[in-house]
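J.: See my_file-v4.cif below, with mmCIF, C-alpha atoms and all ligand atoms.
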```
data_query
loop_
_atom_site.label_atom_id
_atom_site.label_comp_id
_atom_site.auth_asym_id
_atom_site.auth_seq_id
_atom_site.Cartn_x
_atom_site.Cartn_y
_atom_site.Cartn_z
CA MET A 1 78.81 65.67 48.10
CA ILE A 2 79.67 64.62 51.60
CA ALA A 3 80.03 61.13 53.10
CA TYR A 4 79.84 59.83 56.65
CA ALA A 5 79.67 56.41 58.29
CA MET A 6 77.25 55.21 60.99
CA ALA A 7 76.92 51.87 62.71
CA LYS A 8 74.26 49.63 61.11
CA THR A 9 72.38 49.52 64.43
CA SER A 10 71.99 53.32 64.65
CA TYR A 11 68.42 54.68 64.81
CA SER A 12 69.63 57.91 63.14
CA GLY A 13 70.83 55.82 60.20
CA GLU A 14 67.46 54.07 59.97
CA MET A 15 65.71 57.47 59.86
CA VAL A 16 68.03 58.74 57.14
CA ARG A 17 67.52 55.58 55.03
CA ASN A 18 63.72 55.99 55.38
CA THR A 19 63.40 59.74 54.82
CA LYS A 20 66.48 60.31 52.58
CA ARG A 21 66.98 63.60 54.48
CA VAL A 22 69.70 64.56 56.94
CA ILE A 23 71.28 67.66 58.45
CA LEU A 24 74.89 67.09 59.56
CA THR A 25 75.99 69.51 62.24
CA ILE A 26 79.21 70.36 64.00
CA PRO A 27 78.00 71.19 67.50
CA GLY A 28 79.18 74.19 69.47
CA ALA A 29 81.46 73.88 72.53
CA GLU A 30 78.71 75.12 74.83
CA ILE A 31 76.77 71.85 74.50
CA ALA A 32 79.74 69.45 74.85
CA ASP A 33 78.25 67.54 77.79
CA ALA A 34 74.90 67.13 76.05
CA VAL A 35 76.65 65.95 72.86
CA MET A 36 78.53 63.29 74.81
CA GLY A 37 75.21 62.23 76.38
CA CYS A 38 73.54 62.01 72.97
CA GLY A 39 76.45 59.98 71.59
CA SER A 40 76.02 57.44 74.38
CA THR A 41 72.23 56.99 74.04
CA THR A 42 69.97 55.78 71.25
CA GLY A 43 67.10 57.97 70.10
CA ARG A 44 64.97 54.88 69.35
CA ASN A 45 62.86 55.30 72.51
CA THR A 46 64.21 58.57 73.92
CA ASP A 47 63.85 62.22 72.93
CA LYS A 48 67.54 63.08 73.31
CA ALA A 49 67.07 66.83 72.87
CA GLU A 50 64.62 66.87 75.78
CA LYS A 51 66.65 64.47 77.93
CA PHE A 52 69.89 66.44 77.56
CA GLY A 53 68.28 69.91 77.47
CA ILE A 54 69.38 70.82 73.95
CA GLU A 55 67.76 74.00 72.62
CA LEU A 56 66.62 73.41 69.04
CA ALA A 57 66.36 75.81 66.11
CA LYS A 58 64.48 75.59 62.82
CA ILE A 59 66.08 75.81 59.41
CA GLU A 60 63.90 77.43 56.77
CA GLY A 61 62.08 74.94 54.56
CA ASN A 62 63.11 71.87 56.60
CA SER A 63 61.20 69.94 59.25
CA ILE A 64 64.42 68.70 60.87
CA LYS A 65 65.48 70.90 63.77
CA ILE A 66 69.14 71.40 64.69
CA PRO A 67 70.84 72.33 67.96
CA PHE A 68 70.76 76.13 68.35
CA HIS A 69 74.45 75.94 69.38
CA SER A 70 75.83 74.60 66.05
CA ARG A 71 79.00 75.89 64.40
CA VAL A 72 78.03 74.38 61.05
CA ALA A 73 74.89 72.74 59.66
CA ILE A 74 74.94 70.95 56.30
CA GLN A 75 71.54 70.17 54.85
CA CYS A 76 71.67 67.06 52.67
CA SER A 77 69.65 64.53 50.74
CA LEU A 78 70.77 60.90 50.76
CA LYS A 79 72.14 59.85 47.36
CA GLU A 80 73.15 56.27 48.14
CA TYR A 81 74.58 54.12 50.90
CA TYR A 82 76.88 51.12 51.06
CA LYS A 83 77.48 48.36 53.57
CA VAL A 84 81.03 48.70 54.89
CA GLY A 85 81.68 46.07 57.57
CA ASP A 86 79.48 46.87 60.58
CA HIS A 87 78.71 50.41 59.30
CA TYR A 88 76.82 51.96 56.42
CA LEU A 89 78.63 54.64 54.43
CA TYR A 90 76.12 57.37 53.53
CA ILE A 91 76.83 59.49 50.47
CA CYS A 92 74.80 62.68 50.38
CA ASN A 93 74.17 65.60 48.08
CA VAL A 94 74.72 68.91 49.86
CA GLU A 95 71.80 71.31 49.41
CA GLN A 96 72.70 74.14 51.78
CA ALA A 97 75.42 74.88 54.31
CA TYR A 98 75.02 77.26 57.24
CA GLY A 99 77.60 78.56 59.69
CA ASN A 100 77.64 80.57 62.89
CA ASP A 101 81.13 81.87 63.69
CA ALA A 102 79.99 82.89 67.18
CA GLU A 103 80.15 79.16 68.05
CA GLU A 104 83.35 77.19 68.69
CA ALA A 105 83.37 73.89 66.77
CA LEU A 106 83.50 70.63 68.76
CA PHE A 107 85.45 67.62 67.54
CA ALA A 108 85.87 64.12 68.97
CA TRP A 109 89.31 63.01 70.17
CA ASN A 110 90.67 59.62 71.20
CA GLY A 111 87.91 57.75 69.45
CA TYR A 112 84.74 59.07 71.04
CA SER A 113 86.16 59.52 74.53
CA LYS A 114 86.79 63.29 74.50
CA LEU A 115 85.08 66.27 72.93
CA HIS A 116 86.99 69.50 72.51
CA PRO A 117 87.29 72.50 70.19
CA ALA A 118 90.14 72.04 67.68
CA ARG A 119 92.91 74.61 67.55
C1 LIG B 1 81.68 62.19 70.08
C2 LIG B 1 80.98 61.02 69.48
C3 LIG B 1 81.10 60.79 68.09
C4 LIG B 1 80.46 59.69 67.49
N1 LIG B 1 80.59 59.48 66.13
C5 LIG B 1 80.01 58.38 65.57
C6 LIG B 1 80.17 58.11 64.17
O1 LIG B 1 80.83 58.83 63.44
N2 LIG B 1 79.55 57.01 63.66
C7 LIG B 1 78.80 56.17 64.46
O2 LIG B 1 78.26 55.19 63.95
N3 LIG B 1 78.61 56.42 65.77
C8 LIG B 1 79.22 57.48 66.35
N4 LIG B 1 79.07 57.71 67.70
C9 LIG B 1 78.23 56.80 68.49
C10 LIG B 1 76.76 57.13 68.27
O3 LIG B 1 76.58 58.52 68.51
C11 LIG B 1 75.92 56.33 69.24
O4 LIG B 1 75.91 54.98 68.84
C12 LIG B 1 74.48 56.87 69.30
O5 LIG B 1 73.99 56.56 70.56
C13 LIG B 1 73.54 56.32 68.25
O6 LIG B 1 72.25 56.87 68.47
P1 LIG B 1 71.01 56.52 67.54
O7 LIG B 1 70.69 55.04 67.74
O8 LIG B 1 69.92 57.41 68.03
O9 LIG B 1 71.39 56.80 66.13
C14 LIG B 1 79.70 58.81 68.31
C15 LIG B 1 79.58 59.05 69.69
C16 LIG B 1 80.21 60.15 70.28
C17 LIG B 1 80.06 60.38 71.77
#
```
Can you dump the structure from the file as structure tokens?
Ligand SMILES: Cc1cc2nc3c(=O)[nH]c(=O)nc-3n(C[C@H](O)[C@H](O)[C@H](O)COP(=O)(O)O)c2cc1C
T.:
Amino acid sequence: MIAYAMAKTSYSGEMVRNTKRVILTIPGAEIADAVMGCGSTTGRNTDKAEKFGIELAKIEGNSIKIPFHSRVAIQCSLKEYYKVGDHYLYICNVEQAYGNDAEEALFAWNGYSKLHPAR
């Protein structure tokens, strides 16, 4: 299992609660600027992939597309979720994990203010 938290207001969270499906990805360094853009915009009325020019790739047997430049993609089904303050904590069953070691993994530093590969 894997768990992650998202603000209650998040559109992504709403989609996951409705569909019970999610793919968690660690994006590649090449798309750092686009990732920061996506993290500062809601997808409620905007196609973020189009807006920030993110090339998408298909995962076999799943209708959710992921950024082509992903270091890791973890395909999950939602098991349950809990209210934790102003966030929901999502607990998911892991179905498949994919990796591409040609990509350098991006992580957030200083809260959400910086994105950088970890060394
Ligand atoms: C690098 C980065 C990491 C983020 N991580 C989280 C997180 O773990 N949980 C969260 O609720 N929001 C996080 N955010 C903020 C959301 O990405 C932001 O609220 C987003 O616009 C929500 O979009 P949505 O409404 O389409 O879900 C992060 C933002 C950035 C830039």
J.: Of the residues A:Thr19, A:Ser63, A:Ser40, A:Ser113, which is the one nearest to Ser77 (chain A), using only C-alpha atoms?
T.: A:Thr19
J.: Residues at most 9 Å from ligand LIG 1 (chain B), using all atoms listed in the file? Could they come as a ChimeraX atom specification?
T.: /A:4-15,32,35-46,48,87-88,106-109,111-115
J.: To one decimal place, how far is CA of Glu60 (chain A) from CA of Asp33 (chain A) in Å?
T.: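 Separating CA of Glu60 (chain A) from CA of Asp33 (chain A) is a distance of 27.3 Å.
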J.: Smallest atom-to-atom distance to Gln96 (chain A): which of A:Ala57, A:Tyr81, A:Glu30, A:Ile2, using all atoms listed in the file?
T.: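 The answer is A:Ile2, which sits nearest to Gln96 (chain A).
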J.: Here is a test: counting all atoms listed in the file, which residue of A:Phe52, A:Lys58, A:Lys65, A:Asn93 is nearest to Leu78 (chain A)?
T.: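 Using all atoms listed in the file, the shortest distance to Leu78 (chain A) belongs to A:Asn93.
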J.: Can you measure CA of Ile74 (chain A) to CA of Glu104 (chain A) for me? One decimal in Å is fine.
T.: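 Atom-to-atom, CA of Ile74 (chain A) and CA of Glu104 (chain A) are spaced 16.2 Å apart.
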J.: Around (75.0, 60.8, 55.1), as given in the file, which residues come within 6 Å? Count all atoms listed in the file and list them as number ranges by chain.
T.: A: 3-4, 90-92
J.: Here is a test: counting only C-alpha atoms, which residue of A:Ile31, A:Val16, A:Asp47, A:Gly53 is nearest to His69 (chain A)?
T.: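 Checking each of A:Ile31, A:Val16, A:Asp47, A:Gly53 against His69 (chain A), counting only C-alpha atoms, the winner is A:Ile31.
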J.: Considering all atoms listed in the file, return as a ChimeraX atom specification whatever protein or nucleic-acid residues lie within 9 Å of Glu55 (chain A), sequence-local ones (same chain, fewer than 3 positions apart) excluded.
T.: /A:49-50,66-69
J.: Some atoms are missing, so please complete region 68-104 of chain A with N, CA and C atoms and return it as an mmCIF file, keeping the file's coordinate frame.
T.:
```cif
data_model
loop_
_atom_site.group_PDB
_atom_site.id
_atom_site.type_symbol
_atom_site.label_atom_id
_atom_site.label_comp_id
_atom_site.auth_asym_id
_atom_site.auth_seq_id
_atom_site.Cartn_x
_atom_site.Cartn_y
_atom_site.Cartn_z
ATOM 1 N N PHE A 68 70.533 74.690 68.502
ATOM 2 C CA PHE A 68 70.760 76.130 68.350
ATOM 3 C C PHE A 68 72.271 76.427 68.384
ATOM 4 N N HIS A 69 73.006 75.749 69.293
ATOM 5 C CA HIS A 69 74.450 75.940 69.380
ATOM 6 C C HIS A 69 75.162 75.012 68.383
ATOM 7 N N SER A 70 75.122 75.356 67.105
ATOM 8 C CA SER A 70 75.830 74.600 66.050
ATOM 9 C C SER A 70 76.798 75.545 65.367
ATOM 10 N N ARG A 71 78.033 75.076 65.134
ATOM 11 C CA ARG A 71 79.000 75.890 64.400
ATOM 12 C C ARG A 71 78.685 75.838 62.906
ATOM 13 N N VAL A 72 78.328 74.612 62.463
ATOM 14 C CA VAL A 72 78.030 74.380 61.050
ATOM 15 C C VAL A 72 76.836 73.442 60.945
ATOM 16 N N ALA A 73 75.985 73.673 59.958
ATOM 17 C CA ALA A 73 74.890 72.740 59.660
ATOM 18 C C ALA A 73 74.852 72.540 58.154
ATOM 19 N N ILE A 74 74.898 71.277 57.739
ATOM 20 C CA ILE A 74 74.940 70.950 56.300
ATOM 21 C C ILE A 74 73.680 70.155 55.967
ATOM 22 N N GLN A 75 72.815 70.800 55.201
ATOM 23 C CA GLN A 75 71.540 70.170 54.850
ATOM 24 C C GLN A 75 71.736 69.296 53.615
ATOM 25 N N CYS A 76 71.364 68.024 53.729
ATOM 26 C CA CYS A 76 71.670 67.060 52.670
ATOM 27 C C CYS A 76 70.484 66.184 52.308
ATOM 28 N N SER A 77 70.555 65.617 51.102
ATOM 29 C CA SER A 77 69.650 64.530 50.740
ATOM 30 C C SER A 77 70.520 63.296 50.492
ATOM 31 N N LEU A 78 69.995 62.139 50.907
ATOM 32 C CA LEU A 78 70.770 60.900 50.760
ATOM 33 C C LEU A 78 70.792 60.481 49.288
ATOM 34 N N LYS A 79 71.984 60.280 48.756
ATOM 35 C CA LYS A 79 72.140 59.850 47.360
ATOM 36 C C LYS A 79 72.175 58.327 47.296
ATOM 37 N N GLU A 80 73.067 57.739 48.058
ATOM 38 C CA GLU A 80 73.150 56.270 48.140
ATOM 39 C C GLU A 80 73.904 55.872 49.392
ATOM 40 N N TYR A 81 73.816 54.583 49.744
ATOM 41 C CA TYR A 81 74.580 54.120 50.900
ATOM 42 C C TYR A 81 75.083 52.717 50.637
ATOM 43 N N TYR A 82 76.208 52.401 51.276
ATOM 44 C CA TYR A 82 76.880 51.120 51.060
ATOM 45 C C TYR A 82 77.152 50.446 52.397
ATOM 46 N N LYS A 83 77.072 49.115 52.391
ATOM 47 C CA LYS A 83 77.480 48.360 53.570
ATOM 48 C C LYS A 83 79.002 48.333 53.607
ATOM 49 N N VAL A 84 79.568 48.743 54.716
ATOM 50 C CA VAL A 84 81.030 48.700 54.890
ATOM 51 C C VAL A 84 81.275 48.071 56.267
ATOM 52 N N GLY A 85 81.499 46.773 56.299
ATOM 53 C CA GLY A 85 81.680 46.070 57.570
ATOM 54 C C GLY A 85 80.438 46.239 58.442
ATOM 55 N N ASP A 86 80.622 46.719 59.677
ATOM 56 C CA ASP A 86 79.480 46.870 60.580
ATOM 57 C C ASP A 86 78.865 48.272 60.513
ATOM 58 N N HIS A 87 79.254 49.057 59.504
ATOM 59 C CA HIS A 87 78.710 50.410 59.300
ATOM 60 C C HIS A 87 78.042 50.510 57.923
ATOM 61 N N TYR A 88 77.231 51.523 57.755
ATOM 62 C CA TYR A 88 76.820 51.960 56.420
ATOM 63 C C TYR A 88 77.567 53.253 56.132
ATOM 64 N N LEU A 89 78.016 53.386 54.880
ATOM 65 C CA LEU A 89 78.630 54.640 54.430
ATOM 66 C C LEU A 89 77.561 55.398 53.648
ATOM 67 N N TYR A 90 77.179 56.566 54.155
ATOM 68 C CA TYR A 90 76.120 57.370 53.530
ATOM 69 C C TYR A 90 76.758 58.434 52.647
ATOM 70 N N ILE A 91 76.319 58.484 51.411
ATOM 71 C CA ILE A 91 76.830 59.490 50.470
ATOM 72 C C ILE A 91 75.681 60.433 50.145
ATOM 73 N N CYS A 92 75.901 61.704 50.428
ATOM 74 C CA CYS A 92 74.800 62.680 50.380
ATOM 75 C C CYS A 92 75.109 63.824 49.430
ATOM 76 N N ASN A 93 74.055 64.340 48.814
ATOM 77 C CA ASN A 93 74.170 65.600 48.080
ATOM 78 C C ASN A 93 73.972 66.751 49.053
ATOM 79 N N VAL A 94 74.842 67.731 48.986
ATOM 80 C CA VAL A 94 74.720 68.910 49.860
ATOM 81 C C VAL A 94 73.779 69.914 49.196
ATOM 82 N N GLU A 95 72.761 70.338 49.955
ATOM 83 C CA GLU A 95 71.800 71.310 49.410
ATOM 84 C C GLU A 95 72.079 72.730 49.900
ATOM 85 N N GLN A 96 72.456 72.833 51.166
ATOM 86 C CA GLN A 96 72.700 74.140 51.780
ATOM 87 C C GLN A 96 73.695 73.954 52.912
ATOM 88 N N ALA A 97 74.540 74.931 53.143
ATOM 89 C CA ALA A 97 75.420 74.880 54.310
ATOM 90 C C ALA A 97 75.286 76.192 55.073
ATOM 91 N N TYR A 98 75.171 76.083 56.382
ATOM 92 C CA TYR A 98 75.020 77.260 57.240
ATOM 93 C C TYR A 98 76.160 77.279 58.249
ATOM 94 N N GLY A 99 76.562 78.467 58.662
ATOM 95 C CA GLY A 99 77.600 78.560 59.690
ATOM 96 C C GLY A 99 77.304 79.691 60.656
ATOM 97 N N ASN A 100 77.761 79.505 61.884
ATOM 98 C CA ASN A 100 77.640 80.570 62.890
ATOM 99 C C ASN A 100 78.998 80.717 63.557
ATOM 100 N N ASP A 101 79.762 81.770 63.170
ATOM 101 C CA ASP A 101 81.130 81.870 63.690
ATOM 102 C C ASP A 101 81.176 82.384 65.127
ATOM 103 N N ALA A 102 80.014 82.584 65.739
ATOM 104 C CA ALA A 102 79.990 82.890 67.180
ATOM 105 C C ALA A 102 80.152 81.605 68.000
ATOM 106 N N GLU A 103 80.023 80.449 67.352
ATOM 107 C CA GLU A 103 80.150 79.160 68.050
ATOM 108 C C GLU A 103 81.538 78.573 67.799
ATOM 109 N N GLU A 104 82.055 77.862 68.828
ATOM 110 C CA GLU A 104 83.350 77.190 68.690
ATOM 111 C C GLU A 104 83.095 75.719 68.351
#
```
